[in-house]
Each structure stands twice: as structure tokens, then as C-alpha cells.
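Enquirer: Sharing target_22.pdb here; it has PDB, C-alpha atoms, pLDDT in the B column.
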ATOM      1  CA  MET A   1     173.180 138.375 114.706  1.00 43.00           C
ATOM      2  CA  ALA A   2     171.681 141.868 114.857  1.00 51.00           C
ATOM      3  CA  GLY A   3     168.998 142.695 117.362  1.00 54.00           C
ATOM      4  CA  HIS A   4     167.881 140.867 120.451  1.00 63.00           C
ATOM      5  CA  LEU A   5     165.649 137.865 121.008  1.00 63.00           C
ATOM      6  CA  PRO A   6     163.123 138.755 123.701  1.00 66.00           C
ATOM      7  CA  VAL A   7     161.091 135.960 125.257  1.00 61.00           C
ATOM      8  CA  ARG A   8     157.475 136.252 126.314  1.00 60.00           C
ATOM      9  CA  VAL A   9     156.504 133.699 128.966  1.00 60.00           C
ATOM     10  CA  HIS A  10     152.908 132.948 129.831  1.00 58.00           C
ATOM     11  CA  ALA A  11     152.391 130.561 132.752  1.00 59.00           C
ATOM     12  CA  THR A  12     149.008 129.388 133.946  1.00 63.00           C
ATOM     13  CA  GLY A  13     147.578 126.805 136.295  1.00 59.00           C
ATOM     14  CA  ARG A  14     150.615 126.736 138.578  1.00 59.00           C
ATOM     15  CA  ASP A  15     148.401 126.934 141.649  1.00 57.00           C
ATOM     16  CA  ASP A  16     146.153 124.091 140.537  1.00 62.00           C
ATOM     17  CA  ALA A  17     146.109 121.032 142.761  1.00 57.00           C
ATOM     18  CA  ASP A  18     145.337 118.803 139.763  1.00 59.00           C
ATOM     19  CA  GLY A  19     148.674 119.462 138.108  1.00 54.00           C
ATOM     20  CA  GLY A  20     147.145 121.364 135.207  1.00 61.00           C
ATOM     21  CA  GLU A  21     149.912 123.940 134.798  1.00 64.00           C
ATOM     22  CA  SER A  22     151.015 124.991 131.321  1.00 60.00           C
ATOM     23  CA  TYR A  23     153.475 127.393 129.751  1.00 59.00           C
ATOM     24  CA  ARG A  24     153.689 129.263 126.484  1.00 61.00           C
ATOM     25  CA  LEU A  25     156.939 130.820 125.275  1.00 66.00           C
ATOM     26  CA  THR A  26     157.129 133.259 122.346  1.00 65.00           C
ATOM     27  CA  VAL A  27     160.470 134.380 120.907  1.00 65.00           C
ATOM     28  CA  TRP A  28     160.965 137.176 118.356  1.00 58.00           C
ATOM     29  CA  ARG A  29     163.616 139.660 117.214  1.00 68.00           C
ATOM     30  CA  SER A  30     163.307 143.259 118.422  1.00 68.00           C
ATOM     31  CA  PRO A  31     165.339 146.126 119.887  1.00 73.00           C
ATOM     32  CA  ALA A  32     166.412 145.738 123.513  1.00 71.00           C
ATOM     33  CA  THR A  33     163.732 146.759 125.999  1.00 73.00           C
ATOM     34  CA  ASP A  34     163.173 146.621 129.718  1.00 74.00           C
ATOM     35  CA  THR A  35     161.300 143.694 131.231  1.00 71.00           C
ATOM     36  CA  VAL A  36     157.542 144.169 131.022  1.00 71.00           C
ATOM     37  CA  VAL A  37     155.223 142.357 133.425  1.00 68.00           C
ATOM     38  CA  HIS A  38     151.704 142.236 132.003  1.00 60.00           C
ATOM     39  CA  LYS A  39     150.028 140.372 134.830  1.00 62.00           C
ATOM     40  CA  ARG A  40     150.905 138.702 138.129  1.00 63.00           C
ATOM     41  CA  THR A  41     148.118 136.576 139.490  1.00 65.00           C
ATOM     42  CA  ASP A  42     149.333 133.154 140.589  1.00 70.00           C
ATOM     43  CA  ARG A  43     150.368 132.541 144.167  1.00 62.00           C
ATOM     44  CA  LEU A  44     153.404 130.430 143.212  1.00 65.00           C
ATOM     45  CA  GLY A  45     154.975 133.341 141.377  1.00 71.00           C
ATOM     46  CA  HIS A  46     154.586 135.578 144.399  1.00 66.00           C
ATOM     47  CA  ARG A  47     156.118 132.896 146.605  1.00 69.00           C
ATOM     48  CA  LEU A  48     159.115 132.433 144.298  1.00 70.00           C
ATOM     49  CA  ARG A  49     159.736 136.176 144.275  1.00 75.00           C
ATOM     50  CA  GLY A  50     159.522 136.357 148.057  1.00 71.00           C
ATOM     51  CA  GLU A  51     156.359 138.424 147.922  1.00 74.00           C
ATOM     52  CA  VAL A  52     153.217 138.126 150.014  1.00 71.00           C
ATOM     53  CA  GLU A  53     150.879 135.666 148.336  1.00 73.00           C
ATOM     54  CA  PRO A  54     147.413 136.895 147.384  1.00 69.00           C
ATOM     55  CA  PRO A  55     144.551 134.982 149.013  1.00 68.00           C
ATOM     56  CA  ALA A  56     143.366 131.873 147.227  1.00 67.00           C
ATOM     57  CA  THR A  57     140.121 132.480 145.377  1.00 73.00           C
ATOM     58  CA  ALA A  58     137.598 129.968 144.109  1.00 78.00           C
ATOM     59  CA  ARG A  59     135.985 130.492 140.720  1.00 88.00           C
ATOM     60  CA  PRO A  60     132.469 129.332 139.782  1.00 92.00           C
ATOM     61  CA  GLU A  61     133.859 127.178 136.969  1.00 94.00           C
ATOM     62  CA  ASP A  62     136.062 125.147 139.319  1.00 92.00           C
ATOM     63  CA  ALA A  63     133.150 122.769 139.972  1.00 94.00           C
ATOM     64  CA  TYR A  64     133.065 121.692 136.314  1.00 97.00           C
ATOM     65  CA  ARG A  65     136.723 121.530 135.412  1.00 94.00           C
ATOM     66  CA  TRP A  66     136.563 117.746 135.735  1.00 95.00           C
ATOM     67  CA  VAL A  67     134.972 117.726 132.262  1.00 96.00           C
ATOM     68  CA  GLU A  68     138.312 118.798 130.785  1.00 93.00           C
ATOM     69  CA  LYS A  69     139.803 115.425 131.731  1.00 92.00           C
ATOM     70  CA  SER A  70     136.756 113.288 130.993  1.00 95.00           C
ATOM     71  CA  ALA A  71     135.629 111.389 127.906  1.00 94.00           C
ATOM     72  CA  LEU A  72     133.743 114.564 126.954  1.00 96.00           C
ATOM     73  CA  ALA A  73     136.823 116.780 126.840  1.00 94.00           C
ATOM     74  CA  GLU A  74     137.104 117.211 123.068  1.00 95.00           C
ATOM     75  CA  ALA A  75     133.493 117.270 121.897  1.00 96.00           C
ATOM     76  CA  ALA A  76     130.051 116.748 123.383  1.00 97.00           C
ATOM     77  CA  THR A  77     126.682 118.249 124.140  1.00 98.00           C
ATOM     78  CA  ILE A  78     125.329 118.296 127.667  1.00 98.00           C
ATOM     79  CA  THR A  79     121.640 119.109 128.069  1.00 98.00           C
ATOM     80  CA  VAL A  80     119.930 119.562 131.420  1.00 98.00           C
ATOM     81  CA  VAL A  81     116.135 119.501 131.720  1.00 98.00           C
ATOM     82  CA  ALA A  82     114.715 120.807 134.993  1.00 97.00           C
ATOM     83  CA  ALA A  83     112.015 118.761 136.703  1.00 88.00           C
ATOM     84  CA  GLY A  84     111.960 116.244 133.886  1.00 80.00           C
ATOM     85  CA  ASP A  85     111.824 112.475 133.826  1.00 93.00           C
ATOM     86  CA  PRO A  86     114.176 110.329 131.720  1.00 96.00           C
ATOM     87  CA  ASP A  87     111.522 108.809 129.435  1.00 97.00           C
ATOM     88  CA  THR A  88     110.053 112.211 128.563  1.00 96.00           C
ATOM     89  CA  VAL A  89     113.507 113.568 127.816  1.00 97.00           C
ATOM     90  CA  VAL A  90     114.341 110.591 125.606  1.00 97.00           C
ATOM     91  CA  ARG A  91     111.116 111.083 123.629  1.00 95.00           C
ATOM     92  CA  ALA A  92     111.767 114.812 123.209  1.00 95.00           C
ATOM     93  CA  PHE A  93     115.026 113.909 121.485  1.00 95.00           C
ATOM     94  CA  GLY A  94     113.107 111.744 119.011  1.00 93.00           C
ATOM     95  CA  ALA A  95     114.209 108.486 120.630  1.00 95.00           C
ATOM     96  CA  ASP A  96     112.214 105.553 121.998  1.00 95.00           C
ATOM     97  CA  PRO A  97     112.740 104.849 125.722  1.00 96.00           C
ATOM     98  CA  SER A  98     111.543 101.272 125.204  1.00 97.00           C
ATOM     99  CA  THR A  99     114.475 100.440 122.901  1.00 96.00           C
ATOM    100  CA  PRO A 100     117.710 101.016 124.841  1.00 97.00           C
ATOM    101  CA  ALA A 101     121.013  99.846 123.397  1.00 96.00           C
ATOM    102  CA  ARG A 102     124.566  99.440 124.610  1.00 97.00           C
ATOM    103  CA  MET A 103     126.581 102.634 124.380  1.00 96.00           C
ATOM    104  CA  GLU A 104     129.445 100.824 122.629  1.00 95.00           C
ATOM    105  CA  ALA A 105     127.138  99.625 119.849  1.00 95.00           C
ATOM    106  CA  LEU A 106     125.574 103.062 119.437  1.00 95.00           C
ATOM    107  CA  GLU A 107     128.980 104.739 119.263  1.00 93.00           C
ATOM    108  CA  ASP A 108     130.257 102.209 116.733  1.00 92.00           C
ATOM    109  CA  HIS A 109     127.163 102.730 114.596  1.00 88.00           C
ATOM    110  CA  ALA A 110     127.537 106.502 114.839  1.00 88.00           C
ATOM    111  CA  MET A 111     131.156 106.287 113.713  1.00 85.00           C
ATOM    112  CA  HIS A 112     130.092 104.575 110.486  1.00 83.00           C
ATOM    113  CA  ASN A 113     126.726 106.210 109.831  1.00 82.00           C
ATOM    114  CA  SER A 114     126.841 109.552 111.698  1.00 81.00           C
ATOM    115  CA  GLU A 115     123.574 108.712 113.442  1.00 87.00           C
ATOM    116  CA  PRO A 116     123.146 110.513 116.779  1.00 93.00           C
ATOM    117  CA  TRP A 117     122.436 108.941 120.133  1.00 96.00           C
ATOM    118  CA  ILE A 118     122.036 110.054 123.724  1.00 97.00           C
ATOM    119  CA  ALA A 119     122.601 108.747 127.219  1.00 97.00           C
ATOM    120  CA  VAL A 120     120.415 110.061 130.034  1.00 97.00           C
ATOM    121  CA  ALA A 121     120.421 109.947 133.808  1.00 96.00           C
ATOM    122  CA  PRO A 122     118.354 111.564 136.552  1.00 96.00           C
ATOM    123  CA  VAL A 123     120.125 114.081 138.755  1.00 95.00           C
ATOM    124  CA  THR A 124     118.728 116.167 141.606  1.00 89.00           C
ATOM    125  CA  ASP A 125     115.396 117.585 140.369  1.00 91.00           C
ATOM    126  CA  ALA A 126     116.446 117.237 136.733  1.00 97.00           C
ATOM    127  CA  VAL A 127     117.577 114.946 133.929  1.00 98.00           C
ATOM    128  CA  ILE A 128     120.948 115.200 132.234  1.00 98.00           C
ATOM    129  CA  ALA A 129     121.346 114.075 128.623  1.00 98.00           C
ATOM    130  CA  VAL A 130     124.820 113.541 127.202  1.00 98.00           C
ATOM    131  CA  GLU A 131     125.813 113.282 123.557  1.00 97.00           C
ATOM    132  CA  TYR A 132     129.334 112.067 122.984  1.00 93.00           C
ATOM    133  CA  ASN A 133     130.426 114.061 119.945  1.00 83.00           C
ATOM    134  CA  GLY A 134     126.791 114.849 119.080  1.00 91.00           C
ATOM    135  CA  TYR A 135     124.787 118.055 118.984  1.00 95.00           C
ATOM    136  CA  GLN A 136     121.023 117.392 118.826  1.00 95.00           C
ATOM    137  CA  GLY A 137     120.606 119.119 122.180  1.00 96.00           C
ATOM    138  CA  SER A 138     121.772 122.376 120.614  1.00 96.00           C
ATOM    139  CA  HIS A 139     118.938 122.391 118.055  1.00 95.00           C
ATOM    140  CA  ALA A 140     115.982 124.706 118.617  1.00 95.00           C
ATOM    141  CA  PRO A 141     113.210 122.138 117.916  1.00 94.00           C
ATOM    142  CA  GLU A 142     114.636 119.679 120.438  1.00 95.00           C
ATOM    143  CA  LEU A 143     115.081 122.411 123.017  1.00 97.00           C
ATOM    144  CA  ARG A 144     111.483 123.514 122.540  1.00 96.00           C
ATOM    145  CA  ALA A 145     110.264 119.979 123.094  1.00 95.00           C
ATOM    146  CA  LEU A 146     112.588 119.408 126.056  1.00 96.00           C
ATOM    147  CA  SER A 147     111.538 122.632 127.782  1.00 97.00           C
ATOM    148  CA  HIS A 148     107.787 122.129 127.399  1.00 96.00           C
ATOM    149  CA  GLY A 149     106.359 122.992 130.822  1.00 96.00           C
ATOM    150  CA  THR A 150     109.826 123.447 132.319  1.00 97.00           C
ATOM    151  CA  ARG A 151     113.306 124.801 131.562  1.00 97.00           C
ATOM    152  CA  ALA A 152     116.161 123.304 129.561  1.00 98.00           C
ATOM    153  CA  ALA A 153     119.679 124.418 128.763  1.00 98.00           C
ATOM    154  CA  SER A 154     122.451 122.880 126.703  1.00 98.00           C
ATOM    155  CA  LEU A 155     126.111 123.411 125.949  1.00 98.00           C
ATOM    156  CA  TYR A 156     127.689 122.086 122.763  1.00 98.00           C
ATOM    157  CA  TRP A 157     131.398 122.123 121.955  1.00 97.00           C
ATOM    158  CA  ASN A 158     133.665 120.424 119.444  1.00 96.00           C
ATOM    159  CA  ILE A 159     137.327 119.794 118.780  1.00 93.00           C
ATOM    160  CA  ASN A 160     137.546 122.841 116.496  1.00 94.00           C
ATOM    161  CA  GLY A 161     136.644 125.198 119.339  1.00 92.00           C
ATOM    162  CA  LEU A 162     133.064 125.832 118.215  1.00 96.00           C
ATOM    163  CA  THR A 163     130.518 126.188 121.020  1.00 97.00           C
ATOM    164  CA  ARG A 164     126.825 126.891 121.490  1.00 98.00           C
ATOM    165  CA  LEU A 165     125.157 127.746 124.786  1.00 98.00           C
ATOM    166  CA  SER A 166     121.352 127.597 124.653  1.00 98.00           C
ATOM    167  CA  PHE A 167     118.473 128.347 127.012  1.00 98.00           C
ATOM    168  CA  ALA A 168     114.792 127.464 126.571  1.00 98.00           C
ATOM    169  CA  ASP A 169     111.791 128.073 128.824  1.00 97.00           C
ATOM    170  CA  ASP A 170     108.416 126.362 128.328  1.00 97.00           C
ATOM    171  CA  GLY A 171     108.886 125.754 124.629  1.00 97.00           C
ATOM    172  CA  ARG A 172     110.487 129.109 123.850  1.00 97.00           C
ATOM    173  CA  ILE A 173     114.142 129.660 122.963  1.00 97.00           C
ATOM    174  CA  LEU A 174     115.455 132.527 125.081  1.00 97.00           C
ATOM    175  CA  ALA A 175     118.983 132.604 123.706  1.00 97.00           C
ATOM    176  CA  ALA A 176     121.509 130.520 121.788  1.00 97.00           C
ATOM    177  CA  PHE A 177     125.010 131.826 121.187  1.00 97.00           C
ATOM    178  CA  GLU A 178     128.711 131.113 120.914  1.00 97.00           C
ATOM    179  CA  LEU A 179     130.563 131.434 124.212  1.00 96.00           C
ATOM    180  CA  GLY A 180     131.961 134.951 124.382  1.00 93.00           C
ATOM    181  CA  GLU A 181     129.364 136.626 122.151  1.00 95.00           C
ATOM    182  CA  PRO A 182     128.023 139.773 123.858  1.00 92.00           C
ATOM    183  CA  GLN A 183     124.576 139.307 125.412  1.00 92.00           C
ATOM    184  CA  HIS A 184     122.298 142.223 126.190  1.00 90.00           C
ATOM    185  CA  ASP A 185     119.222 140.457 127.552  1.00 92.00           C
ATOM    186  CA  PRO A 186     118.808 141.527 131.211  1.00 94.00           C
ATOM    187  CA  ALA A 187     117.292 138.127 131.983  1.00 92.00           C
ATOM    188  CA  LEU A 188     120.644 136.492 131.248  1.00 95.00           C
ATOM    189  CA  GLU A 189     122.674 138.794 133.494  1.00 95.00           C
ATOM    190  CA  PRO A 190     122.348 136.677 136.668  1.00 96.00           C
ATOM    191  CA  ILE A 191     123.053 133.540 134.618  1.00 97.00           C
ATOM    192  CA  LEU A 192     126.256 134.866 133.048  1.00 97.00           C
ATOM    193  CA  ARG A 193     127.451 137.109 135.857  1.00 94.00           C
ATOM    194  CA  ASP A 194     131.159 136.692 136.785  1.00 93.00           C
ATOM    195  CA  LEU A 195     131.769 134.173 133.975  1.00 95.00           C
ATOM    196  CA  ASP A 196     134.681 135.605 131.998  1.00 93.00           C
ATOM    197  CA  PHE A 197     134.286 134.161 128.513  1.00 92.00           C
ATOM    198  CA  ASP A 198     136.943 136.524 127.170  1.00 90.00           C
ATOM    199  CA  ASP A 199     139.461 134.407 129.089  1.00 86.00           C
ATOM    200  CA  TYR A 200     139.869 131.251 126.983  1.00 85.00           C
ATOM    201  CA  ARG A 201     140.759 129.082 129.980  1.00 85.00           C
ATOM    202  CA  HIS A 202     138.105 126.632 131.196  1.00 92.00           C
ATOM    203  CA  LEU A 203     135.473 127.916 128.761  1.00 95.00           C
ATOM    204  CA  ILE A 204     133.449 124.708 128.823  1.00 97.00           C
ATOM    205  CA  ALA A 205     133.380 124.673 132.615  1.00 97.00           C
ATOM    206  CA  LYS A 206     132.110 128.259 132.586  1.00 98.00           C
ATOM    207  CA  GLY A 207     129.368 127.369 130.129  1.00 98.00           C
ATOM    208  CA  LEU A 208     128.252 124.485 132.336  1.00 98.00           C
ATOM    209  CA  VAL A 209     127.985 126.861 135.286  1.00 98.00           C
ATOM    210  CA  ALA A 210     125.499 128.872 133.204  1.00 98.00           C
ATOM    211  CA  VAL A 211     123.540 125.679 132.429  1.00 98.00           C
ATOM    212  CA  GLU A 212     123.345 124.903 136.146  1.00 98.00           C
ATOM    213  CA  ARG A 213     122.253 128.411 137.077  1.00 98.00           C
ATOM    214  CA  PHE A 214     119.486 128.423 134.479  1.00 98.00           C
ATOM    215  CA  THR A 215     118.073 124.997 135.303  1.00 97.00           C
ATOM    216  CA  GLY A 216     118.783 125.095 139.028  1.00 96.00           C
ATOM    217  CA  SER A 217     120.385 121.650 138.863  1.00 96.00           C
ATOM    218  CA  ALA A 218     124.027 120.764 139.330  1.00 95.00           C
ATOM    219  CA  PHE A 219     125.698 117.602 138.100  1.00 95.00           C
ATOM    220  CA  GLY A 220     129.104 116.133 138.680  1.00 95.00           C
ATOM    221  CA  GLU A 221     131.688 113.639 137.636  1.00 96.00           C
ATOM    222  CA  ASP A 222     129.896 110.918 139.592  1.00 96.00           C
ATOM    223  CA  ASP A 223     126.764 111.433 137.475  1.00 96.00           C
ATOM    224  CA  LEU A 224     128.733 110.835 134.289  1.00 96.00           C
ATOM    225  CA  ALA A 225     130.393 107.806 135.878  1.00 96.00           C
ATOM    226  CA  ARG A 226     126.985 106.414 136.824  1.00 96.00           C
ATOM    227  CA  MET A 227     125.786 106.898 133.267  1.00 96.00           C
ATOM    228  CA  GLU A 228     128.837 105.197 131.803  1.00 95.00           C
ATOM    229  CA  THR A 229     128.625 102.321 134.275  1.00 96.00           C
ATOM    230  CA  ALA A 230     125.049 101.670 133.185  1.00 96.00           C
ATOM    231  CA  GLY A 231     126.309 101.724 129.595  1.00 97.00           C
ATOM    232  CA  ILE A 232     122.858 102.361 128.117  1.00 97.00           C
ATOM    233  CA  GLY A 233     121.905 104.842 125.413  1.00 97.00           C
ATOM    234  CA  PHE A 234     119.182 105.541 122.878  1.00 97.00           C
ATOM    235  CA  ALA A 235     119.372 106.015 119.128  1.00 95.00           C
ATOM    236  CA  VAL A 236     117.953 109.369 118.046  1.00 93.00           C
ATOM    237  CA  LEU A 237     115.875 110.036 114.964  1.00 83.00           C
ATOM    238  CA  PRO A 238     116.741 113.714 114.427  1.00 66.00           C
ATOM    239  CA  LEU A 239     113.487 114.568 112.635  1.00 50.00           C
ATOM    240  CA  LEU A 240     112.925 117.563 114.873  1.00 44.00           C
ATOM    241  CA  GLY A 241     116.293 119.022 114.051  1.00 44.00           C
ATOM    242  CA  LYS A 242     116.258 118.858 110.260  1.00 46.00           C
ATOM    243  CA  SER A 243     114.228 121.940 109.529  1.00 43.00           C
ATOM    244  CA  GLU A 244     115.795 124.342 112.013  1.00 49.00           C
ATOM    245  CA  SER A 245     119.054 124.586 113.943  1.00 47.00           C
TER     246      SER A 245
END
Please express the file's structure as C-alpha cells.
Expert:
Amino acid sequence: MAGHLPVRVHATGRDDADGGESYRLTVWRSPATDTVVHKRTDRLGHRLRGEVEPPATARPEDAYRWVEKSALAEAATITVVAAGDPDTVVRAFGADPSTPARMEALEDHAMHNSEPWIAVAPVTDAVIAVEYNGYQGSHAPELRALSHGTRAASLYWNINGLTRLSFADDGRILAAFELGEPQHDPALEPILRDLDFDDYRHLIAKGLVAVERFTGSAFGEDDLARMETAGIGFAVLPLLGKSES
């Protein structure tokens, strides 16, 4: 067979303690060439080559990588409202805090009727609202209502790779964009600083860092576990979201 079959190997996550390493191999026919190294970053590779390992570095998104292995991994919207209370947040979504329902029933109903629902929980100085495979928190009218007198931010993503990161302050939408879209607003610079959205790895975790920075409130895996243990959600009447996205 004429020609050669070069192999391109891309390895990532080999330094991760959670066993998240992955590899991509690409094979094609081309003339013979010398070996080309495009990038050497992981510490394991240096160790295997007998080289001095670079120092371990922590990334801002590391705190939210747990989402990638949670029930939210494929699709969800997470909305954080600073200095809010759960009942007010539920009402801003068009739901009634006096009519809670079991999450299983709400999810089953949504599967058959595509009707949205939310689960909420207080976190430090804020309220987190989670939509499993929903997106009302990415709509401008809801964000305006949620941010009245405070700040709110949301991150939406789905199984097709679509995303939307949104920020609202006291009823005004400051920005709403797909992760990776260039942003030129100086007010967003400290929120997005050092978050490399051009690197496809851990995009959702990076977006959640931006949500935390904007609202001033962090949340973790234990908050989601607490929400799921309670098992309570609220059916949403998306009247606010019909006229404007």
C-alpha cells in the first residue's frame, strides 16, 4: 500500500484523580514526516519520558467538574439568584410555592407533555434553581423577574452542545450568549477572566464559575444532593417566557 499511515494521538485528563482520562486517535494516509509534538502539558507524560514534571496547577473550573458526572451532565439549566428566598424565586418562574409536587411525578409529566418544572434550594446568601432538561431560566423575562432588586445568572446546556450563559442585574439583562462567543463588555471581564471557552473541555464547569462570580454564591454537589433528597419541585407556567427568549 502506497504512502504511510501517520497516527495523531490526543490524550487528556491523565493527571485527573477522578479517572477522567480520554484518548483520541486519528489515522490518515500521507507522505512520511518527522514526529510533531503540538503540546505537552500533562505531568504523566513528562514522568513517562523521564522529564521533570511541571507543577500541578488548579483551574477555576475544577470546583464544578462534579456536574459532568451528575444527573445534570447531558442537559439542564442552573439559575442562581443572589440574596433571594425560595418562595420569591419560585414565583418569578411562574410557579406556585404553595403547590409542591414530587420530582418524579413532575419529570414523568414533562416527558409526556413537555411542561417545565423547577427544583429550588437555598445556598449561602442565594437560591439555586435547577431545571432537569429545562430552560426557563435562560429566558429574558424570567431573568428580569428573578433579578428584581438583586442579581441572577443562569447557565443552560443540552445534549446537542448548545449553551446559553446569562446575567441580569435588578431587572436588566446585561448579557446572554453561547459559551465561547466573544464578549467586549468591560463589566464582564472580571467574570470571564481566565475561563478558556475556546478549550472544549469542561465547558459547563467554566460557565458555572462565571455564574458564581457574578452572583457571589457558590454551590456544590452536596446542594444538588440535598435538593434530590427532598425530592420536591414546582410546575412552571411559562407565561413569562412565551413572548421573548
Enquirer: Name the residues that the PyMOL selection byres ((chain A and resi 123) around 10) picks from the file above, as number ranges by chain, using the file's chain letters and numbers.
Expert: A: 80-86, 120-122, 124-128, 217-220, 223
Enquirer: For the residues in the current selection, export C-alpha atoms as an mmCIF file, in the frame of the given file.
Expert:
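Result file is part.cif:
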data_model
loop_
_atom_site.group_PDB
_atom_site.id
_atom_site.type_symbol
_atom_site.label_atom_id
_atom_site.label_comp_id
_atom_site.auth_asym_id
_atom_site.auth_seq_id
_atom_site.Cartn_x
_atom_site.Cartn_y
_atom_site.Cartn_z
ATOM 1 C CA VAL A 80 119.930 119.562 131.420
ATOM 2 C CA VAL A 81 116.135 119.501 131.720
ATOM 3 C CA ALA A 82 114.715 120.807 134.993
ATOM 4 C CA ALA A 83 112.015 118.761 136.703
ATOM 5 C CA GLY A 84 111.960 116.244 133.886
ATOM 6 C CA ASP A 85 111.824 112.475 133.826
ATOM 7 C CA PRO A 86 114.176 110.329 131.720
ATOM 8 C CA VAL A 120 120.415 110.061 130.034
ATOM 9 C CA ALA A 121 120.421 109.947 133.808
ATOM 10 C CA PRO A 122 118.354 111.564 136.552
ATOM 11 C CA THR A 124 118.728 116.167 141.606
ATOM 12 C CA ASP A 125 115.396 117.585 140.369
ATOM 13 C CA ALA A 126 116.446 117.237 136.733
ATOM 14 C CA VAL A 127 117.577 114.946 133.929
ATOM 15 C CA ILE A 128 120.948 115.200 132.234
ATOM 16 C CA SER A 217 120.385 121.650 138.863
ATOM 17 C CA ALA A 218 124.027 120.764 139.330
ATOM 18 C CA PHE A 219 125.698 117.602 138.100
ATOM 19 C CA GLY A 220 129.104 116.133 138.680
ATOM 20 C CA ASP A 223 126.764 111.433 137.475
#
Enquirer: Which residues, written as an MDAnalysis selection string, have at least one atom at most 7 Å from Glu131 (chain A), with only C-alpha atoms counted and residues fewer than 6 positions away on the same chain left out?
Expert: chainID A and resid 76:78 117:119
Enquirer: Quick check on the file I pasted: which residues fall under the PyMOL selection byres ((chain A and resi 146) around 8)? Write them as a ChimeraX atom specification.
Expert: /A:81,89,92-93,142-145,147-148,150-152,171
Enquirer: Those same residues, written as an mmCIF file, keeping the file's coordinate frame with C-alpha atoms?
Expert:
data_model
loop_
_atom_site.group_PDB
_atom_site.id
_atom_site.type_symbol
_atom_site.label_atom_id
_atom_site.label_comp_id
_atom_site.auth_asym_id
_atom_site.auth_seq_id
_atom_site.Cartn_x
_atom_site.Cartn_y
_atom_site.Cartn_z
ATOM 1 C CA VAL A 81 116.135 119.501 131.720
ATOM 2 C CA VAL A 89 113.507 113.568 127.816
ATOM 3 C CA ALA A 92 111.767 114.812 123.209
ATOM 4 C CA PHE A 93 115.026 113.909 121.485
ATOM 5 C CA GLU A 142 114.636 119.679 120.438
ATOM 6 C CA LEU A 143 115.081 122.411 123.017
ATOM 7 C CA ARG A 144 111.483 123.514 122.540
ATOM 8 C CA ALA A 145 110.264 119.979 123.094
ATOM 9 C CA SER A 147 111.538 122.632 127.782
ATOM 10 C CA HIS A 148 107.787 122.129 127.399
ATOM 11 C CA THR A 150 109.826 123.447 132.319
ATOM 12 C CA ARG A 151 113.306 124.801 131.562
ATOM 13 C CA ALA A 152 116.161 123.304 129.561
ATOM 14 C CA GLY A 171 108.886 125.754 124.629
#
Enquirer: Mind checking which residues fall within 12 Å of region 230-237 of chain A, counting only C-alpha atoms, ignoring those fewer than 5 positions away in the same chain, and posting them as a PyMOL selection string?
Expert: chain A and resi 86-87+89-110+113-121+129-132+134-137+142+223-225+242
Enquirer: Provide an axis-aligned box for all listed atoms of region 143-153 of chain A, padding each side by 6 Å; report its centre and its edge lengths in Å to one decimal, as JSON.
Expert:
{"center_x": 113.0, "center_y": 122.1, "center_z": 127.4, "size_x": 25.3, "size_y": 17.4, "size_z": 21.8}
Enquirer: Please, what distance in Å, to one decimal, runs between CA of Thr163 (chain A) and CA of Glu178 (chain A)?
Expert: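 The value is 5.2 Å.
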Enquirer: Would you please work out which residue, of A:Leu179, A:Ala63, A:Leu48, A:Leu165, is nearest to Leu203 (chain A) when using all atoms listed in the file?
Expert: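 Closest to Leu203 (chain A) of all the choices is A:Leu179.
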Enquirer: Residues of region 49-140 of chain A that have any atom at most 12 Å from an atom of region 195-198 of chain A: could you tabulate them with the shortest-distance atom pair and the distance in Å to one decimal, using only C-alpha atoms, ordered by chain and increasing number, as CSV?
Expert:
residue,atom,partner,partner_atom,distance
A:Arg59,CA,A:Leu195,CA,8.8
A:Pro60,CA,A:Leu195,CA,7.6
A:Glu61,CA,A:Leu195,CA,7.9
A:Asp62,CA,A:Leu195,CA,11.3
Enquirer: Name the closest residue to Lys206 (chain A) among the candidates A:Trp66, A:Arg49, A:Glu74, A:Met227; distances are taken between atoms, counting only C-alpha atoms.
Expert: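 Smallest separation from Lys206 (chain A) among the options: A:Trp66.
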